[in-house]
>>> print(open('final.cif').read())   # mmCIF, C-alpha atoms
data_start
loop_
_atom_site.label_atom_id
_atom_site.label_comp_id
_atom_site.auth_asym_id
_atom_site.auth_seq_id
_atom_site.Cartn_x
_atom_site.Cartn_y
_atom_site.Cartn_z
CA MET A 1 12.61 -5.87 19.47
CA ASN A 2 11.46 -7.01 16.02
CA GLN A 3 13.99 -5.77 13.44
CA LYS A 4 12.04 -7.09 10.47
CA LYS A 5 9.97 -4.83 8.24
CA TYR A 6 6.38 -5.51 7.19
CA ILE A 7 4.21 -4.24 4.35
CA CYS A 8 0.55 -5.11 3.80
CA ILE A 9 -1.06 -4.49 0.40
CA THR A 10 -4.71 -4.45 -0.65
CA GLY A 11 -5.28 -5.51 -4.23
CA GLY A 12 -2.13 -7.51 -3.66
CA ALA A 13 -2.77 -10.61 -5.76
CA SER A 14 -1.84 -9.14 -9.15
CA GLY A 15 -0.62 -6.10 -11.03
CA MET A 16 0.89 -3.22 -9.08
CA GLY A 17 0.12 -4.76 -5.69
CA LEU A 18 1.81 -8.08 -6.40
CA GLU A 19 4.79 -6.42 -8.07
CA THR A 20 5.23 -4.21 -5.01
CA GLY A 21 5.03 -7.21 -2.70
CA LEU A 22 7.69 -9.06 -4.67
CA PHE A 23 9.93 -5.99 -4.76
CA PHE A 24 9.77 -5.54 -0.98
CA SER A 25 10.25 -9.26 -0.44
CA ARG A 26 13.49 -9.08 -2.39
CA LYS A 27 14.52 -6.29 -0.02
CA GLY A 28 14.03 -8.68 2.91
CA TRP A 29 10.60 -7.43 4.03
CA LEU A 30 7.74 -9.68 5.06
CA VAL A 31 4.64 -9.16 2.98
CA GLY A 32 0.89 -9.32 3.46
CA LEU A 33 -1.30 -9.64 0.39
CA LEU A 34 -5.01 -8.89 0.69
CA ASP A 35 -7.37 -9.42 -2.24
CA ARG A 36 -10.92 -10.51 -2.95
CA ASP A 37 -9.74 -13.16 -5.47
CA LEU A 38 -8.66 -16.19 -3.45
CA SER A 39 -7.40 -18.16 -6.44
CA LEU A 40 -5.10 -15.31 -7.47
CA LEU A 41 -3.91 -14.97 -3.88
CA ASN A 42 -2.98 -18.64 -3.76
CA GLU A 43 -1.08 -18.31 -7.03
CA ALA A 44 0.70 -15.18 -5.82
CA ALA A 45 1.75 -16.85 -2.56
CA LEU A 46 3.71 -19.44 -4.54
CA LEU A 47 6.06 -16.66 -5.67
CA PHE A 48 7.24 -16.10 -2.08
CA ASP A 49 9.00 -18.25 0.49
CA ALA A 50 6.21 -19.74 2.59
CA ASP A 51 7.18 -18.10 5.88
CA THR A 52 7.62 -14.61 4.37
CA VAL A 53 4.10 -13.99 3.06
CA PHE A 54 0.66 -13.64 4.60
CA ILE A 55 -2.47 -13.86 2.43
CA ASN A 56 -6.08 -13.13 3.27
CA GLN A 57 -9.20 -12.93 1.15
CA VAL A 58 -10.71 -9.48 1.69
CA ASP A 59 -13.48 -7.32 0.29
CA VAL A 60 -12.29 -3.78 0.99
CA THR A 61 -15.87 -2.50 1.07
CA SER A 62 -16.40 -4.57 4.23
CA PRO A 63 -15.00 -2.99 7.43
CA GLU A 64 -15.47 -6.33 9.21
CA ASN A 65 -13.42 -8.16 6.57
CA LEU A 66 -10.58 -5.69 6.91
CA LYS A 67 -10.58 -5.63 10.70
CA HIS A 68 -10.37 -9.42 10.78
CA ALA A 69 -7.60 -9.41 8.14
CA MET A 70 -5.52 -6.82 9.97
CA ASN A 71 -5.94 -8.64 13.29
CA SER A 72 -4.64 -11.77 11.60
CA PHE A 73 -1.83 -9.84 9.95
CA GLY A 74 -0.91 -8.47 13.39
CA ASP A 75 -0.51 -12.04 14.62
CA PHE A 76 1.78 -12.70 11.64
CA SER A 77 3.85 -9.55 12.21
CA GLY A 78 3.94 -9.43 15.99
CA GLY A 79 1.81 -6.30 15.94
CA GLN A 80 4.05 -4.39 13.54
CA LEU A 81 3.12 -2.67 10.27
CA ASP A 82 5.70 -0.46 8.57
CA ILE A 83 3.67 0.24 5.41
CA MET A 84 -0.03 -0.14 4.74
CA PHE A 85 -0.45 0.15 0.98
CA ASN A 86 -4.09 0.88 0.15
CA ASN A 87 -3.92 -0.17 -3.46
CA ALA A 88 -7.17 -1.99 -4.28
CA GLY A 89 -9.26 -0.24 -6.89
CA ILE A 90 -11.49 -0.60 -9.92
CA ALA A 91 -11.65 1.60 -13.01
CA PRO A 92 -14.78 1.14 -15.14
CA GLY A 93 -15.14 3.92 -17.65
CA GLY A 94 -17.66 5.48 -19.99
CA TRP A 95 -19.36 8.76 -20.70
CA PHE A 96 -20.74 10.13 -17.43
CA ASP A 97 -24.28 10.51 -18.78
CA GLU A 98 -24.26 6.93 -20.09
CA MET A 99 -22.90 5.17 -16.99
CA ASP A 100 -25.16 3.33 -14.60
CA LEU A 101 -25.42 5.04 -11.21
CA LEU A 102 -24.96 1.72 -9.44
CA GLN A 103 -21.64 1.27 -11.24
CA MET A 104 -20.57 4.75 -10.17
CA ARG A 105 -21.43 3.91 -6.58
CA GLN A 106 -19.36 0.75 -6.81
CA ILE A 107 -16.35 2.79 -7.94
CA ILE A 108 -16.74 5.10 -4.94
CA ASP A 109 -17.34 2.15 -2.58
CA VAL A 110 -14.14 0.37 -3.64
CA ASN A 111 -11.83 3.30 -4.42
CA VAL A 112 -12.83 5.67 -1.62
CA ILE A 113 -14.76 3.87 1.12
CA GLY A 114 -12.44 0.88 0.64
CA VAL A 115 -9.45 3.12 1.35
CA PHE A 116 -11.20 4.54 4.43
CA ASN A 117 -11.84 1.00 5.65
CA SER A 118 -8.26 -0.12 5.00
CA ILE A 119 -6.74 2.83 6.81
CA LEU A 120 -9.02 2.53 9.83
CA ALA A 121 -8.31 -1.19 10.12
CA ALA A 122 -4.55 -0.72 9.77
CA LEU A 123 -4.20 2.34 11.99
CA PRO A 124 -3.76 0.50 15.32
CA LEU A 125 -0.78 -1.39 13.89
CA LEU A 126 0.65 1.71 12.18
CA LYS A 127 0.46 3.64 15.46
CA ARG A 128 2.46 0.92 17.20
CA THR A 129 5.25 1.01 14.60
CA ASP A 130 7.97 3.65 14.47
CA ASN A 131 8.25 5.59 11.19
CA SER A 132 5.23 3.80 9.69
CA LEU A 133 3.70 4.89 6.39
CA CYS A 134 0.09 4.91 5.25
CA LEU A 135 0.41 4.76 1.44
CA SER A 136 -2.46 4.86 -1.08
CA THR A 137 -2.86 4.56 -4.83
CA SER A 138 -4.30 7.68 -6.42
CA SER A 139 -3.99 8.32 -10.17
CA SER A 140 -2.81 10.69 -12.87
CA CYS A 141 -6.55 11.37 -13.21
CA ALA A 142 -6.20 13.27 -9.92
CA THR A 143 -4.00 15.88 -11.59
CA PHE A 144 -6.55 16.82 -14.27
CA GLY A 145 -9.76 14.83 -14.69
CA HIS A 146 -10.03 12.46 -17.63
CA ALA A 147 -12.99 12.25 -19.97
CA ARG A 148 -14.85 8.92 -19.85
CA ARG A 149 -13.39 8.45 -16.36
CA ALA A 150 -15.46 10.98 -14.39
CA ALA A 151 -16.47 8.71 -11.50
CA TYR A 152 -13.02 7.15 -11.34
CA THR A 153 -11.43 10.61 -11.46
CA ALA A 154 -13.64 11.76 -8.59
CA SER A 155 -12.59 8.75 -6.54
CA LYS A 156 -8.90 9.38 -7.10
CA PHE A 157 -9.13 13.10 -6.34
CA ALA A 158 -10.70 11.95 -3.07
CA VAL A 159 -7.74 9.69 -2.31
CA LYS A 160 -5.31 12.51 -3.08
CA GLY A 161 -7.16 14.92 -0.81
CA LEU A 162 -7.46 12.30 1.91
CA THR A 163 -3.70 11.75 1.79
CA GLU A 164 -3.05 15.45 2.29
CA SER A 165 -5.54 15.71 5.16
CA LEU A 166 -4.16 12.67 6.94
CA SER A 167 -0.61 13.94 6.52
CA LEU A 168 -1.69 16.61 9.01
CA GLU A 169 -3.93 14.49 11.23
CA PHE A 170 -1.64 11.49 11.60
CA GLU A 171 1.31 13.60 12.72
CA ARG A 172 -0.10 13.23 16.21
CA PHE A 173 0.47 9.46 15.93
CA GLY A 174 3.88 9.65 14.24
CA VAL A 175 2.38 7.99 11.14
CA ARG A 176 3.37 9.36 7.74
CA THR A 177 1.07 9.44 4.69
CA ALA A 178 1.76 9.50 0.97
CA ASP A 179 0.15 8.49 -2.30
CA ILE A 180 1.27 7.28 -5.70
CA LEU A 181 -0.23 8.80 -8.85
CA PRO A 182 0.31 6.36 -11.74
CA GLY A 183 -0.10 7.19 -15.39
CA CYS A 184 -0.39 4.24 -17.80
CA ILE A 185 0.93 1.16 -16.00
CA ASP A 186 1.17 -2.20 -17.76
CA THR A 187 -1.12 -4.34 -15.59
CA PRO A 188 -3.83 -6.94 -16.18
CA MET A 189 -6.39 -4.22 -15.38
CA LEU A 190 -5.06 -1.91 -18.11
CA ARG A 191 -5.01 -4.71 -20.65
CA ARG A 192 -8.50 -5.88 -19.71
CA GLU A 193 -9.95 -2.38 -19.95
CA THR A 194 -8.17 -1.72 -23.23
CA ALA A 195 -9.73 -4.85 -24.68
CA GLU A 196 -13.17 -4.00 -23.29
CA GLY A 197 -12.96 -0.53 -24.80
CA ALA A 198 -12.07 -2.02 -28.16
CA GLY A 199 -14.79 -4.67 -27.88
CA LYS A 200 -12.45 -7.54 -28.68
CA PRO A 201 -9.80 -9.74 -27.02
CA PHE A 202 -6.61 -7.97 -26.00
CA ASP A 203 -3.57 -8.02 -28.23
CA GLU A 204 -0.31 -6.10 -27.86
CA THR A 205 -1.10 -3.74 -30.75
CA MET A 206 -3.85 -2.13 -28.64
CA LEU A 207 -1.15 -0.33 -26.65
CA GLU A 208 0.65 1.01 -29.70
CA ASN A 209 -1.17 4.33 -29.65
CA LEU A 210 0.20 5.26 -26.24
CA PRO A 211 2.90 7.95 -26.42
CA LYS A 212 6.49 6.77 -26.35
CA GLU A 213 7.56 9.51 -23.95
CA GLY A 214 6.07 11.87 -21.41
CA ALA A 215 3.47 11.44 -18.68
CA TYR A 216 1.37 8.79 -20.44
CA ARG A 217 4.04 6.49 -21.79
CA LEU A 218 3.56 2.86 -20.80
CA MET A 219 5.37 2.02 -17.56
CA PRO A 220 6.01 -1.38 -15.97
CA ALA A 221 4.31 -2.25 -12.68
CA SER A 222 7.77 -2.38 -11.12
CA ALA A 223 7.81 1.44 -11.35
CA ILE A 224 5.02 1.52 -8.75
CA ALA A 225 7.02 -0.75 -6.47
CA GLU A 226 10.00 1.58 -6.79
CA ALA A 227 7.77 4.57 -5.96
CA ALA A 228 6.49 2.78 -2.86
CA TRP A 229 10.07 2.15 -1.81
CA SER A 230 10.93 5.82 -2.37
CA ALA A 231 7.90 6.89 -0.36
CA TYR A 232 9.15 4.93 2.63
CA GLN A 233 12.73 6.15 2.30
CA ASP A 234 11.92 9.84 1.74
CA SER A 235 9.63 11.44 4.30
CA GLN A 236 9.38 14.83 2.59
CA PRO A 237 7.12 14.37 -0.49
CA ILE A 238 3.48 13.43 -0.10
CA HIS A 239 2.71 12.74 -3.77
CA PHE A 240 4.81 10.34 -5.87
CA TYR A 241 4.16 10.57 -9.61
CA VAL A 242 4.83 7.64 -11.97
CA PRO A 243 6.39 8.59 -14.29
CA PRO A 244 7.62 11.90 -12.84
CA GLU A 245 6.15 13.84 -15.78
CA VAL A 246 2.65 13.17 -14.41
CA ALA A 247 3.41 15.97 -11.94
CA ASN A 248 3.56 18.48 -14.80
CA ALA A 249 -0.24 18.59 -15.01
CA ASP A 250 -0.46 19.68 -11.37
CA LYS A 251 2.20 22.34 -11.95
CA LEU A 252 0.65 23.63 -15.18
CA LYS A 253 -2.84 23.69 -13.71
CA GLY A 254 -1.67 26.08 -11.01
CA SER A 255 -0.53 28.66 -13.55
CA ASP A 256 -2.68 28.06 -16.64
CA ILE A 257 -5.79 25.89 -16.25
CA GLY A 258 -6.67 26.28 -19.92
CA ALA A 259 -3.31 24.98 -21.06
CA ALA A 260 -3.60 22.04 -18.68
CA ARG A 261 -7.03 21.23 -20.08
CA GLU A 262 -5.80 21.38 -23.67
CA GLU A 263 -2.84 19.17 -22.85
CA ILE A 264 -5.01 16.43 -21.39
CA LYS A 265 -7.46 16.76 -24.32
CA SER A 266 -4.62 16.21 -26.75
CA PHE A 267 -3.80 12.93 -25.05
CA LEU A 268 -7.36 11.67 -24.61
CA PHE A 269 -8.73 12.61 -28.01
CA ARG A 270 -5.73 12.23 -30.28
#
>>> encode(input="final.cif", output="structure tokens")
Amino acid sequence: MNQKKYICITGGASGMGLETGLFFSRKGWLVGLLDRDLSLLNEAALLFDADTVFINQVDVTSPENLKHAMNSFGDFSGGQLDIMFNNAGIAPGGWFDEMDLLQMRQIIDVNVIGVFNSILAALPLLKRTDNSLCLSTSSSCATFGHARRAAYTASKFAVKGLTESLSLEFERFGVRTADILPGCIDTPMLRRETAEGAGKPFDETMLENLPKEGAYRLMPASAIAEAAWSAYQDSQPIHFYVPPEVANADKLKGSDIGAAREEIKSFLFR
């Protein structure tokens, strides 16, 4: 019987996905990295011992791409998959009434349909593996929606709801589900979007306005890797908030929706 552990990660070539892969590799796991950017995948693979990593170029909006990738990963893992981490996502922003509908559809295609595709492709391997976990990246936006992130917020609420539904459905397979809800994580995506929003090249001072404490303080990508590790070790929670204070919005919303709304306004429009 194969005693090794295997994790496969979409959006695995950089940012939170790559950091999670490296974290699990240091724990002795074998890692699959799936991403649409082949050059980044090749660079990422150099950070691992050659026989401990599997890479595959994948467009998560393509069910055929994902089925082929997971079949190949199954060959690599001997048919085992302990964690499928559905992490790929995009986060264009803007006022809802000013965004292009095609761009909104792309957000839904990648962040929602892409997660559907990933889960369906991975499920045969997850079902064959004891104590397997289907893990997805949601967002702090799925606690209370963010202005100028309406389409993205909708996509991440969908992931959160999907996680809860599948936590019930997948019990019949012995497959667990969970999600991670990140706040502000220091990744290439965050830095790129910060620069785009400012209309100029990124520099470190652009992050200075983030709070120094609380739910929206800047966190390293390694915090997501640690949350993924916790999700595998602890079968009780479904939602893992990074940092933990992100959960406060969910708690406050249940008792005082107005206060929750004002709290998020104070962060977004300060």
>>> closest_atom_pairs(input="final.cif", of="range 57-123 of chain A", to="range 38-48 of chain A", cutoff="12 Å", atoms="all atoms listed in the file", output="tab-separated table")
residue	atom	partner	partner_atom	distance
A:Gln57	CA	A:Leu38	CA	5.7
A:Val58	CA	A:Leu38	CA	8.7
A:Asp59	CA	A:Leu38	CA	10.8
>>> closest_residue(input="final.cif", among="A:Val31, A:Ile7, A:Met104, A:Ala228", to="Leu125 in chain A", atoms="all atoms listed in the file")
A:Ile7
>>> resolve_selection(input="final.cif", expression="the PyMOL selection byres ((chain A and resi 221) around 10)", output="MDAnalysis selection string")
chainID A and resid 14:20 182 184:187 218:220 222:226 242
>>> resolve_selection(input="final.cif", expression="the PyMOL selection byres ((chain A and resi 96) around 12)", output="list in words")
Pro92, Gly93, Gly94, Trp95, Asp97, Glu98, Met99, Asp100, Leu101, Gln103, Met104, His146, Ala147, Arg148, Arg149, Ala150, Ala151, Tyr152, Thr153 and Ala154 of chain A
>>> residues_around(input="final.cif", residues="Gly254 in chain A", least_positions_apart="6", cutoff="12 Å", atoms="all atoms listed in the file", output="ChimeraX atom specification")
/A:143-144,247-248,260-261
>>> atom_distance(input="final.cif", atom1="CA of Leu162 in chain A", atom2="CA of Ala215 in chain A")
23.3 Å
>>> residues_around(input="final.cif", residues="Ser155 in chain A", least_positions_apart="6", cutoff="6 Å", atoms="only C-alpha atoms", output="PyMOL selection string")
chain A and resi 108+111-112
>>> closest_residue(input="final.cif", among="A:Ile238, A:Ser230, A:Lys253, A:Val53", to="Lys160 in chain A", atoms="all atoms listed in the file")
A:Ile238
>>> residues_near_point(input="final.cif", point="(-0.2, 1.2, 5.5)", cutoff="8 Å", atoms="all atoms listed in the file", output="ChimeraX atom specification")
/A:7-9,81-86,119,122-123,126,132-136
>>> atom_distance(input="final.cif", atom1="CA of Asn117 in chain A", atom2="CA of Thr10 in chain A")
11.0 Å
>>> residues_around(input="final.cif", residues="Ile180 in chain A", least_positions_apart="2", cutoff="6 Å", atoms="all atoms listed in the file", output="PyMOL selection string")
chain A and resi 137-138+239-241
>>> resolve_selection(input="final.cif", expression="the PyMOL selection byres ((chain A and resi 78) around 12)", output="PyMOL selection string")
chain A and resi 1-6+30+70-77+79-82+125+128-129
>>> atom_distance(input="final.cif", atom1="CA of Ala121 in chain A", atom2="CA of Phe157 in chain A")
21.8 Å
>>> residues_around(input="final.cif", residues="range 233-236 of chain A", least_positions_apart="4", cutoff="10 Å", atoms="only C-alpha atoms", output="compact mmCIF listing (two decimals) with C-alpha atoms, in the coordinates of the input")
# COMPACT_ATOMS: atom_id res chain seq x y z
CA ASN A 131 8.25 5.59 11.19
CA LEU A 133 3.70 4.89 6.39
CA ARG A 176 3.37 9.36 7.74
CA THR A 177 1.07 9.44 4.69
CA ALA A 178 1.76 9.50 0.97
CA ALA A 227 7.77 4.57 -5.96
CA ALA A 228 6.49 2.78 -2.86
CA TRP A 229 10.07 2.15 -1.81
>>> axis_aligned_box(input="final.cif", around="range 65-74 of chain A", padding_each_side="8 Å", output="JSON")
{"center_x": -7.2, "center_y": -8.7, "center_z": 10.0, "size_x": 28.5, "size_y": 22.1, "size_z": 22.8}
>>> residues_around(input="final.cif", residues="Gly11 in chain A", least_positions_apart="5", cutoff="7 Å", atoms="all atoms listed in the file", output="VMD selection string")
chain A and resid 17 34 to 35 87 to 88
>>> write_last_selection(input="final.cif", atoms="C-alpha atoms", output="PDB file, keeping the file's coordinate frame")
ATOM      1  CA  GLY A  17       0.120  -4.760  -5.690  1.00  0.00           C
ATOM      2  CA  LEU A  34      -5.010  -8.890   0.690  1.00  0.00           C
ATOM      3  CA  ASP A  35      -7.370  -9.420  -2.240  1.00  0.00           C
ATOM      4  CA  ASN A  87      -3.920  -0.170  -3.460  1.00  0.00           C
ATOM      5  CA  ALA A  88      -7.170  -1.990  -4.280  1.00  0.00           C
TER       6      ALA A  88
END
>>> build_atoms(input="final.cif", residues="range 247-258 of chain A", atoms="all heavy atoms", output="PDB file, in the frame of the given file")
ATOM      1  N   ALA A 247       3.491  14.786 -12.803  1.00  0.00           N
ATOM      2  CA  ALA A 247       3.410  15.970 -11.940  1.00  0.00           C
ATOM      3  C   ALA A 247       3.244  17.255 -12.731  1.00  0.00           C
ATOM      4  O   ALA A 247       2.776  18.270 -12.190  1.00  0.00           O
ATOM      5  CB  ALA A 247       4.647  16.063 -11.055  1.00  0.00           C
ATOM      6  N   ASN A 248       3.620  17.256 -14.019  1.00  0.00           N
ATOM      7  CA  ASN A 248       3.560  18.480 -14.800  1.00  0.00           C
ATOM      8  C   ASN A 248       2.146  19.036 -14.901  1.00  0.00           C
ATOM      9  O   ASN A 248       1.945  20.248 -14.964  1.00  0.00           O
ATOM     10  CB  ASN A 248       4.129  18.252 -16.200  1.00  0.00           C
ATOM     11  CG  ASN A 248       5.623  17.957 -16.171  1.00  0.00           C
ATOM     12  OD1 ASN A 248       6.296  18.254 -15.194  1.00  0.00           O
ATOM     13  ND2 ASN A 248       6.133  17.364 -17.229  1.00  0.00           N
ATOM     14  N   ALA A 249       1.148  18.137 -14.917  1.00  0.00           N
ATOM     15  CA  ALA A 249      -0.240  18.590 -15.010  1.00  0.00           C
ATOM     16  C   ALA A 249      -0.623  19.389 -13.770  1.00  0.00           C
ATOM     17  O   ALA A 249      -1.304  20.417 -13.861  1.00  0.00           O
ATOM     18  CB  ALA A 249      -1.182  17.415 -15.204  1.00  0.00           C
ATOM     19  N   ASP A 250      -0.191  18.932 -12.607  1.00  0.00           N
ATOM     20  CA  ASP A 250      -0.460  19.680 -11.370  1.00  0.00           C
ATOM     21  C   ASP A 250       0.213  21.049 -11.412  1.00  0.00           C
ATOM     22  O   ASP A 250      -0.363  22.060 -11.007  1.00  0.00           O
ATOM     23  CB  ASP A 250       0.043  18.899 -10.158  1.00  0.00           C
ATOM     24  CG  ASP A 250      -1.039  18.021  -9.531  1.00  0.00           C
ATOM     25  OD1 ASP A 250      -2.223  18.231  -9.830  1.00  0.00           O
ATOM     26  OD2 ASP A 250      -0.689  17.125  -8.751  1.00  0.00           O
ATOM     27  N   LYS A 251       1.451  21.081 -11.898  1.00  0.00           N
ATOM     28  CA  LYS A 251       2.200  22.340 -11.950  1.00  0.00           C
ATOM     29  C   LYS A 251       1.565  23.306 -12.950  1.00  0.00           C
ATOM     30  O   LYS A 251       1.372  24.494 -12.659  1.00  0.00           O
ATOM     31  CB  LYS A 251       3.649  22.067 -12.328  1.00  0.00           C
ATOM     32  CG  LYS A 251       4.409  21.240 -11.301  1.00  0.00           C
ATOM     33  CD  LYS A 251       5.794  20.867 -11.803  1.00  0.00           C
ATOM     34  CE  LYS A 251       6.518  19.966 -10.824  1.00  0.00           C
ATOM     35  NZ  LYS A 251       7.835  19.516 -11.337  1.00  0.00           N
ATOM     36  N   LEU A 252       1.224  22.787 -14.137  1.00  0.00           N
ATOM     37  CA  LEU A 252       0.650  23.630 -15.180  1.00  0.00           C
ATOM     38  C   LEU A 252      -0.717  24.149 -14.771  1.00  0.00           C
ATOM     39  O   LEU A 252      -1.064  25.312 -15.020  1.00  0.00           O
ATOM     40  CB  LEU A 252       0.562  22.843 -16.488  1.00  0.00           C
ATOM     41  CG  LEU A 252       0.009  23.593 -17.703  1.00  0.00           C
ATOM     42  CD1 LEU A 252       0.858  24.829 -18.022  1.00  0.00           C
ATOM     43  CD2 LEU A 252      -0.033  22.663 -18.918  1.00  0.00           C
ATOM     44  N   LYS A 253      -1.501  23.312 -14.120  1.00  0.00           N
ATOM     45  CA  LYS A 253      -2.840  23.690 -13.710  1.00  0.00           C
ATOM     46  C   LYS A 253      -2.816  24.890 -12.772  1.00  0.00           C
ATOM     47  O   LYS A 253      -3.719  25.736 -12.789  1.00  0.00           O
ATOM     48  CB  LYS A 253      -3.523  22.498 -13.044  1.00  0.00           C
ATOM     49  CG  LYS A 253      -5.001  22.659 -12.790  1.00  0.00           C
ATOM     50  CD  LYS A 253      -5.630  21.323 -12.406  1.00  0.00           C
ATOM     51  CE  LYS A 253      -5.072  20.754 -11.127  1.00  0.00           C
ATOM     52  NZ  LYS A 253      -5.760  19.524 -10.706  1.00  0.00           N
ATOM     53  N   GLY A 254      -1.767  24.968 -11.955  1.00  0.00           N
ATOM     54  CA  GLY A 254      -1.670  26.080 -11.010  1.00  0.00           C
ATOM     55  C   GLY A 254      -1.426  27.415 -11.672  1.00  0.00           C
ATOM     56  O   GLY A 254      -1.752  28.461 -11.103  1.00  0.00           O
ATOM     57  N   SER A 255      -0.852  27.397 -12.883  1.00  0.00           N
ATOM     58  CA  SER A 255      -0.530  28.660 -13.550  1.00  0.00           C
ATOM     59  C   SER A 255      -1.411  28.937 -14.760  1.00  0.00           C
ATOM     60  O   SER A 255      -1.655  30.099 -15.103  1.00  0.00           O
ATOM     61  CB  SER A 255       0.943  28.647 -13.992  1.00  0.00           C
ATOM     62  OG  SER A 255       1.183  27.566 -14.892  1.00  0.00           O
ATOM     63  N   ASP A 256      -1.899  27.864 -15.412  1.00  0.00           N
ATOM     64  CA  ASP A 256      -2.680  28.060 -16.640  1.00  0.00           C
ATOM     65  C   ASP A 256      -3.638  26.879 -16.803  1.00  0.00           C
ATOM     66  O   ASP A 256      -3.314  25.887 -17.443  1.00  0.00           O
ATOM     67  CB  ASP A 256      -1.747  28.175 -17.842  1.00  0.00           C
ATOM     68  CG  ASP A 256      -2.461  28.608 -19.117  1.00  0.00           C
ATOM     69  OD1 ASP A 256      -3.702  28.455 -19.190  1.00  0.00           O
ATOM     70  OD2 ASP A 256      -1.780  29.092 -20.045  1.00  0.00           O
ATOM     71  N   ILE A 257      -4.835  27.005 -16.221  1.00  0.00           N
ATOM     72  CA  ILE A 257      -5.790  25.890 -16.250  1.00  0.00           C
ATOM     73  C   ILE A 257      -6.200  25.541 -17.667  1.00  0.00           C
ATOM     74  O   ILE A 257      -6.416  24.373 -17.998  1.00  0.00           O
ATOM     75  CB  ILE A 257      -7.026  26.230 -15.374  1.00  0.00           C
ATOM     76  CG1 ILE A 257      -7.909  24.994 -15.173  1.00  0.00           C
ATOM     77  CG2 ILE A 257      -7.803  27.390 -15.946  1.00  0.00           C
ATOM     78  CD1 ILE A 257      -7.346  23.965 -14.289  1.00  0.00           C
ATOM     79  N   GLY A 258      -6.293  26.547 -18.533  1.00  0.00           N
ATOM     80  CA  GLY A 258      -6.670  26.280 -19.920  1.00  0.00           C
ATOM     81  C   GLY A 258      -5.646  25.449 -20.646  1.00  0.00           C
ATOM     82  O   GLY A 258      -5.990  24.521 -21.391  1.00  0.00           O
TER      83      GLY A 258
END
